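Novice: Take a look at coords-v7.pdb, PDB, C-alpha atoms:
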```pdb
ATOM      1  CA  MET A   1      33.763  23.740   8.347
ATOM      2  CA  ALA A   2      35.193  21.083  10.622
ATOM      3  CA  ASP A   3      33.720  17.613  10.700
ATOM      4  CA  THR A   4      31.689  16.842  13.821
ATOM      5  CA  LYS A   5      30.730  13.396  15.045
ATOM      6  CA  THR A   6      27.045  13.002  15.809
ATOM      7  CA  SER A   7      28.017  11.886  19.331
ATOM      8  CA  GLU A   8      29.628  15.332  19.843
ATOM      9  CA  LEU A   9      26.539  17.325  18.849
ATOM     10  CA  PRO A  10      24.589  19.080  21.609
ATOM     11  CA  GLU A  11      21.499  17.249  22.829
ATOM     12  CA  ILE A  12      18.246  18.446  21.262
ATOM     13  CA  THR A  13      15.210  17.783  23.414
ATOM     14  CA  THR A  14      12.445  19.017  21.093
ATOM     15  CA  LEU A  15      12.076  18.588  17.349
ATOM     16  CA  GLU A  16       9.094  19.775  15.369
ATOM     17  CA  PRO A  17       7.806  18.031  12.190
ATOM     18  CA  GLY A  18       8.937  20.952   9.985
ATOM     19  CA  ASP A  19      12.503  21.032  11.374
ATOM     20  CA  LEU A  20      15.238  20.190   8.883
ATOM     21  CA  ILE A  21      18.197  17.925   9.529
ATOM     22  CA  GLU A  22      21.144  18.274   7.176
ATOM     23  CA  VAL A  23      23.664  15.486   6.653
ATOM     24  CA  SER A  24      26.880  16.215   4.773
ATOM     25  CA  LYS A  25      29.818  14.131   3.663
ATOM     26  CA  ASP A  26      33.202  15.316   2.528
ATOM     27  CA  ALA A  27      33.329  15.107  -1.262
ATOM     28  CA  GLY A  28      36.986  16.190  -1.264
ATOM     29  CA  GLY A  29      38.701  19.524  -1.799
ATOM     30  CA  SER A  30      36.640  21.330   0.878
ATOM     31  CA  VAL A  31      33.428  20.417  -0.956
ATOM     32  CA  TYR A  32      30.568  18.769   0.924
ATOM     33  CA  ASP A  33      27.721  16.732  -0.525
ATOM     34  CA  SER A  34      24.656  17.577   1.598
ATOM     35  CA  ARG A  35      21.161  16.170   1.940
ATOM     36  CA  LYS A  36      18.301  17.592   3.984
ATOM     37  CA  ILE A  37      15.371  15.713   5.457
ATOM     38  CA  THR A  38      12.451  16.957   7.524
ATOM     39  CA  VAL A  39      11.881  15.498  10.949
ATOM     40  CA  ALA A  40       8.407  14.329   9.816
ATOM     41  CA  ASN A  41       9.869  12.380   6.865
ATOM     42  CA  MET A  42      12.613  10.917   9.013
ATOM     43  CA  ALA A  43      10.113   9.785  11.646
ATOM     44  CA  ALA A  44       7.975   8.100   8.969
ATOM     45  CA  SER A  45      11.046   6.217   7.747
ATOM     46  CA  PHE A  46      11.604   4.722  11.190
ATOM     47  CA  THR A  47       8.009   3.905  12.050
ATOM     48  CA  ALA A  48       7.658   0.319  13.177
ATOM     49  CA  GLY A  49       5.567  -1.970  11.024
ATOM     50  CA  ASN A  50       1.990  -2.867  11.815
ATOM     51  CA  ASP A  51       0.853  -6.445  11.173
ATOM     52  CA  ASN A  52      -2.838  -6.742  10.343
ATOM     53  CA  ASN A  53      -3.861 -10.408  10.239
ATOM     54  CA  GLN A  54      -7.073 -11.104   8.317
ATOM     55  CA  THR A  55      -8.814 -14.477   7.985
ATOM     56  CA  GLY A  56     -12.110 -13.385   6.398
ATOM     57  CA  THR A  57     -13.054 -13.270   2.736
ATOM     58  CA  THR A  58     -13.368  -9.465   2.571
ATOM     59  CA  TYR A  59     -11.344  -6.689   4.141
ATOM     60  CA  ASP A  60     -11.692  -2.915   3.698
ATOM     61  CA  LEU A  61      -8.617  -0.842   4.521
ATOM     62  CA  VAL A  62      -9.077   1.196   7.729
ATOM     63  CA  ALA A  63      -7.467   4.297   9.218
ATOM     64  CA  THR A  64      -5.028   2.246  11.330
ATOM     65  CA  ASP A  65      -3.596   0.686   8.130
ATOM     66  CA  GLY A  66      -1.037   3.459   7.808
ATOM     67  CA  THR A  67       2.468   3.416   6.350
ATOM     68  CA  ASN A  68       4.438   0.256   7.037
ATOM     69  CA  THR A  69       1.333  -1.878   7.546
ATOM     70  CA  THR A  70       1.291  -5.429   6.210
ATOM     71  CA  VAL A  71      -2.163  -6.918   5.651
ATOM     72  CA  TRP A  72      -1.823 -10.715   5.851
ATOM     73  CA  MET A  73      -4.724 -12.396   4.016
ATOM     74  CA  ASN A  74      -4.850 -15.929   5.421
ATOM     75  CA  ASN A  75      -7.842 -17.803   4.030
ATOM     76  CA  ALA A  76      -8.237 -21.021   2.046
ATOM     77  CA  ALA A  77     -11.083 -19.401   0.052
ATOM     78  CA  ALA A  78     -10.823 -16.522  -2.401
ATOM     79  CA  ASN A  79     -10.645 -13.189  -0.574
ATOM     80  CA  ASP A  80     -10.611  -9.474  -1.362
ATOM     81  CA  VAL A  81      -8.924  -6.350  -0.015
ATOM     82  CA  SER A  82     -10.849  -3.175  -0.850
ATOM     83  CA  ILE A  83      -9.429   0.352  -1.106
ATOM     84  CA  PRO A  84     -12.067   2.812   0.155
ATOM     85  CA  LEU A  85     -12.646   6.438  -0.810
ATOM     86  CA  ASN A  86     -10.536   9.018   1.003
ATOM     87  CA  ALA A  87     -13.791  10.534   2.338
ATOM     88  CA  THR A  88     -14.449   7.229   4.125
ATOM     89  CA  VAL A  89     -10.893   6.385   5.253
ATOM     90  CA  PRO A  90      -8.551   9.396   4.988
ATOM     91  CA  LEU A  91      -5.164   7.694   4.792
ATOM     92  CA  ALA A  92      -2.294  10.112   4.190
ATOM     93  CA  VAL A  93      -0.888  10.601   0.696
ATOM     94  CA  GLY A  94       2.367   8.621   0.638
ATOM     95  CA  THR A  95       0.958   5.731   2.697
ATOM     96  CA  LYS A  96       2.463   2.369   1.709
ATOM     97  CA  ILE A  97       0.613  -0.833   2.572
ATOM     98  CA  ALA A  98       1.805  -4.346   1.763
ATOM     99  CA  VAL A  99      -0.821  -7.025   1.076
ATOM    100  CA  ILE A 100       0.376 -10.640   1.339
ATOM    101  CA  MET A 101      -1.571 -13.721   0.178
ATOM    102  CA  GLU A 102      -0.661 -15.962   3.109
ATOM    103  CA  GLY A 103      -3.460 -18.499   2.665
ATOM    104  CA  ALA A 104      -4.193 -20.714  -0.337
ATOM    105  CA  GLY A 105      -7.198 -18.615  -1.418
ATOM    106  CA  VAL A 106      -6.476 -16.116  -4.181
ATOM    107  CA  THR A 107      -6.325 -12.546  -2.870
ATOM    108  CA  SER A 108      -7.823  -9.774  -5.020
ATOM    109  CA  ILE A 109      -7.220  -6.076  -4.465
ATOM    110  CA  THR A 110     -10.080  -3.850  -5.601
ATOM    111  CA  ALA A 111     -10.616  -0.087  -5.635
ATOM    112  CA  VAL A 112     -14.145   1.092  -4.853
ATOM    113  CA  THR A 113     -15.908   3.347  -7.371
ATOM    114  CA  GLY A 114     -14.242   6.751  -7.319
ATOM    115  CA  VAL A 115     -10.788   5.422  -6.428
ATOM    116  CA  THR A 116      -8.180   5.048  -9.173
ATOM    117  CA  LEU A 117      -5.865   2.058  -8.843
ATOM    118  CA  ASN A 118      -2.971   2.638 -11.237
ATOM    119  CA  GLY A 119      -1.179  -0.480 -12.415
ATOM    120  CA  THR A 120      -4.432  -2.255 -13.318
ATOM    121  CA  ASP A 121      -6.641  -2.470 -16.382
ATOM    122  CA  ASN A 122      -9.956  -2.325 -14.519
ATOM    123  CA  GLY A 123      -9.300  -1.193 -10.920
ATOM    124  CA  SER A 124      -8.687  -4.718  -9.644
ATOM    125  CA  VAL A 125      -5.764  -7.138  -9.496
ATOM    126  CA  VAL A 126      -5.051 -10.554  -8.031
ATOM    127  CA  ILE A 127      -1.922 -11.695  -6.265
ATOM    128  CA  ASN A 128      -0.447 -14.489  -8.354
ATOM    129  CA  ASN A 129       1.067 -16.859  -5.800
ATOM    130  CA  GLN A 130       0.677 -17.877  -2.178
ATOM    131  CA  TYR A 131       3.224 -16.133   0.119
ATOM    132  CA  GLN A 132       3.666 -13.356  -2.446
ATOM    133  CA  GLY A 133       2.144  -9.913  -2.371
ATOM    134  CA  ALA A 134       1.631  -6.400  -3.626
ATOM    135  CA  THR A 135       2.430  -2.926  -2.369
ATOM    136  CA  LEU A 136      -0.227  -0.216  -2.395
ATOM    137  CA  THR A 137       1.026   3.386  -2.448
ATOM    138  CA  LYS A 138      -1.352   6.315  -2.061
ATOM    139  CA  ARG A 139      -0.275   9.011  -4.555
ATOM    140  CA  ALA A 140      -3.194  11.460  -4.330
ATOM    141  CA  THR A 141      -6.515  11.885  -2.513
ATOM    142  CA  ASP A 142      -8.251   8.993  -4.308
ATOM    143  CA  ALA A 143      -5.389   7.583  -6.402
ATOM    144  CA  TRP A 144      -3.247   4.590  -5.546
ATOM    145  CA  HIS A 145      -0.495   2.631  -7.306
ATOM    146  CA  VAL A 146      -0.143  -1.119  -7.004
ATOM    147  CA  ASN A 147       2.892  -3.210  -7.856
ATOM    148  CA  GLY A 148       4.140  -6.673  -7.022
ATOM    149  CA  ASP A 149       3.382 -10.278  -7.962
ATOM    150  CA  ILE A 150       0.039  -9.382  -9.543
ATOM    151  CA  SER A 151      -2.029  -9.863 -12.677
TER     152      SER A 151
END
```
Can you dump the structure from the file as structure tokens?
Specialist:
Amino acid sequence: MADTKTSELPEITTLEPGDLIEVSKDAGGSVYDSRKITVANMAASFTAGNDNNQTGTTYDLVATDGTNTTVWMNNAAANDVSIPLNATVPLAVGTKIAVIMEGAGVTSITAVTGVTLNGTDNGSVVINNQYQGATLTKRATDAWHVNGDIS
């Protein structure tokens, strides 16, 4: 198989989410190391971020808080971000949401009853320092992981 530059490939005008794109590199001796990615996964990787600026003391995640969203909690008083049930807000499994404590008030992240928040002892965490944050990753219908500057 001869190497082909991407600029020399024929133009494709329509891609469907299930289409596969294969990328190979020459590993030497006529052996190629290949990786495949679906168009849907590739598109998700390039989705622009969504800034969600919040100044209140409570905020419940909403459907528009999809992958690559950053929720900026900017309040001098203590504030809380709540993760709702999938039945209420059906975010896709694999969604990643960053929560940043921009204001001086301590930001808590809490899962409502019925939602599991892995990475916590009791379904709730706080962000430890101003300008730091946590990443929420939805792993199953009502199960999330949280990691970051939290306790």
Novice: When the PyMOL selection byres ((chain A and resi 109) around 12) is applied to the structure above, which residues does it catch, written out as a VMD selection string?
Specialist: chain A and resid 57 to 61 71 73 78 to 84 97 to 101 106 to 108 110 to 112 117 to 120 122 to 128 133 to 136 144 to 151
Novice: Using only C-alpha atoms, which of the listed residues (A:Glu22, A:Asp51, A:Glu102, A:Asp65) sits closest to Asn129 of chain A?
Specialist: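 Residue with the minimum atom-to-atom distance to Asn129 of chain A: A:Glu102.
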Novice: When you count all atoms listed in the file, which of these residues is closest to Thr70 of chain A: A:Gly28, A:Gly94, A:Gly105, A:Gly49?
Specialist: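 Result for the nearest residue to Thr70 of chain A: A:Gly49.
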Novice: Do a neighbour search on Lys96 of chain A at 8 Å with only C-alpha atoms, toss out local chain neighbours closer than 4 positions, and write the hits as a list in words.
Specialist: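 After dropping sequence-adjacent residues, the list is Gly66, Thr67, Asn68, Thr69, Thr135, Leu136, Thr137 and Lys138 of chain A.
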Novice: For Asp142 of chain A, which residue among A:Asn53, A:Thr64, A:Asn74, A:Thr113 is the nearest when counting all atoms listed in the file?
Specialist: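 With all atoms listed in the file as the atom set, the closest residue is A:Thr113.
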Novice: Taking all atoms listed in the file into account, which of A:Tyr131, A:Asn50, A:Gly56, A:Ala63 comes nearest Ala92 of chain A?
Specialist: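 Counting all atoms listed in the file, the residue closest to Ala92 of chain A is A:Ala63.
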Novice: Enter the distance from atom CA of Thr116 of chain A to atom CA of Thr55 of chain A, in Å, rounded to one decimal.
Specialist: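 Atom-to-atom, atom CA of Thr116 of chain A to atom CA of Thr55 of chain A, that is 26.0 Å.
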Novice: Closest to Asn86 of chain A among A:Trp72, A:Arg139, A:Asn52, A:Val115, using all atoms listed in the file?
Specialist: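 Selected residue with least distance to Asn86 of chain A: A:Val115.
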Novice: Do you have the atom CA of Ala77 of chain A-atom CA of Gln132 of chain A distance handy?
Specialist: 16.1 Å
Novice: Figure out the distance between atom CA of Ala140 of chain A and atom CA of Thr95 of chain A, please, to one decimal in Å.
Specialist: 10.0 Å
Novice: What would segment 61-78 of chain A look like with N, CA and C atoms restored, written as a JSON list (two decimals), keeping the file's coordinate frame?
Specialist:
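Output saved as rebuild.json:
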```json
[["chain", "number", "residue", "atom", "x", "y", "z"],
["A", 61, "LEU", "N", -9.66, -1.57, 3.81],
["A", 61, "LEU", "CA", -8.62, -0.84, 4.52],
["A", 61, "LEU", "C", -9.24, 0.12, 5.52],
["A", 62, "VAL", "N", -8.58, 0.31, 6.67],
["A", 62, "VAL", "CA", -9.08, 1.20, 7.73],
["A", 62, "VAL", "C", -8.00, 2.22, 8.08],
["A", 63, "ALA", "N", -8.37, 3.20, 8.88],
["A", 63, "ALA", "CA", -7.47, 4.30, 9.22],
["A", 63, "ALA", "C", -6.19, 3.83, 9.91],
["A", 64, "THR", "N", -6.24, 2.73, 10.64],
["A", 64, "THR", "CA", -5.03, 2.25, 11.33],
["A", 64, "THR", "C", -4.08, 1.51, 10.38],
["A", 65, "ASP", "N", -4.48, 1.30, 9.13],
["A", 65, "ASP", "CA", -3.60, 0.69, 8.13],
["A", 65, "ASP", "C", -2.71, 1.77, 7.51],
["A", 66, "GLY", "N", -1.90, 2.39, 8.31],
["A", 66, "GLY", "CA", -1.04, 3.46, 7.81],
["A", 66, "GLY", "C", 0.23, 2.90, 7.19],
["A", 67, "THR", "N", 1.19, 3.81, 6.94],
["A", 67, "THR", "CA", 2.47, 3.42, 6.35],
["A", 67, "THR", "C", 3.11, 2.31, 7.16],
["A", 68, "ASN", "N", 3.73, 1.41, 6.48],
["A", 68, "ASN", "CA", 4.44, 0.26, 7.04],
["A", 68, "ASN", "C", 3.51, -0.82, 7.58],
["A", 69, "THR", "N", 2.25, -0.81, 7.17],
["A", 69, "THR", "CA", 1.33, -1.88, 7.55],
["A", 69, "THR", "C", 1.46, -3.02, 6.55],
["A", 70, "THR", "N", 1.40, -4.24, 7.05],
["A", 70, "THR", "CA", 1.29, -5.43, 6.21],
["A", 70, "THR", "C", -0.04, -6.09, 6.53],
["A", 71, "VAL", "N", -0.89, -6.22, 5.50],
["A", 71, "VAL", "CA", -2.16, -6.92, 5.65],
["A", 71, "VAL", "C", -1.92, -8.35, 5.20],
["A", 72, "TRP", "N", -2.04, -9.29, 6.12],
["A", 72, "TRP", "CA", -1.82, -10.72, 5.85],
["A", 72, "TRP", "C", -3.18, -11.36, 5.61],
["A", 73, "MET", "N", -3.45, -11.76, 4.36],
["A", 73, "MET", "CA", -4.72, -12.40, 4.02],
["A", 73, "MET", "C", -4.54, -13.91, 4.10],
["A", 74, "ASN", "N", -5.06, -14.51, 5.15],
["A", 74, "ASN", "CA", -4.85, -15.93, 5.42],
["A", 74, "ASN", "C", -6.19, -16.66, 5.40],
["A", 75, "ASN", "N", -6.57, -17.11, 4.20],
["A", 75, "ASN", "CA", -7.84, -17.80, 4.03],
["A", 75, "ASN", "C", -7.69, -18.82, 2.91],
["A", 76, "ALA", "N", -8.30, -19.99, 3.08],
["A", 76, "ALA", "CA", -8.24, -21.02, 2.05],
["A", 76, "ALA", "C", -9.17, -20.69, 0.87],
["A", 77, "ALA", "N", -10.14, -19.81, 1.10],
["A", 77, "ALA", "CA", -11.08, -19.40, 0.05],
["A", 77, "ALA", "C", -10.62, -18.08, -0.56],
["A", 78, "ALA", "N", -11.12, -17.80, -1.75],
["A", 78, "ALA", "CA", -10.82, -16.52, -2.40],
["A", 78, "ALA", "C", -11.21, -15.38, -1.47]]
```
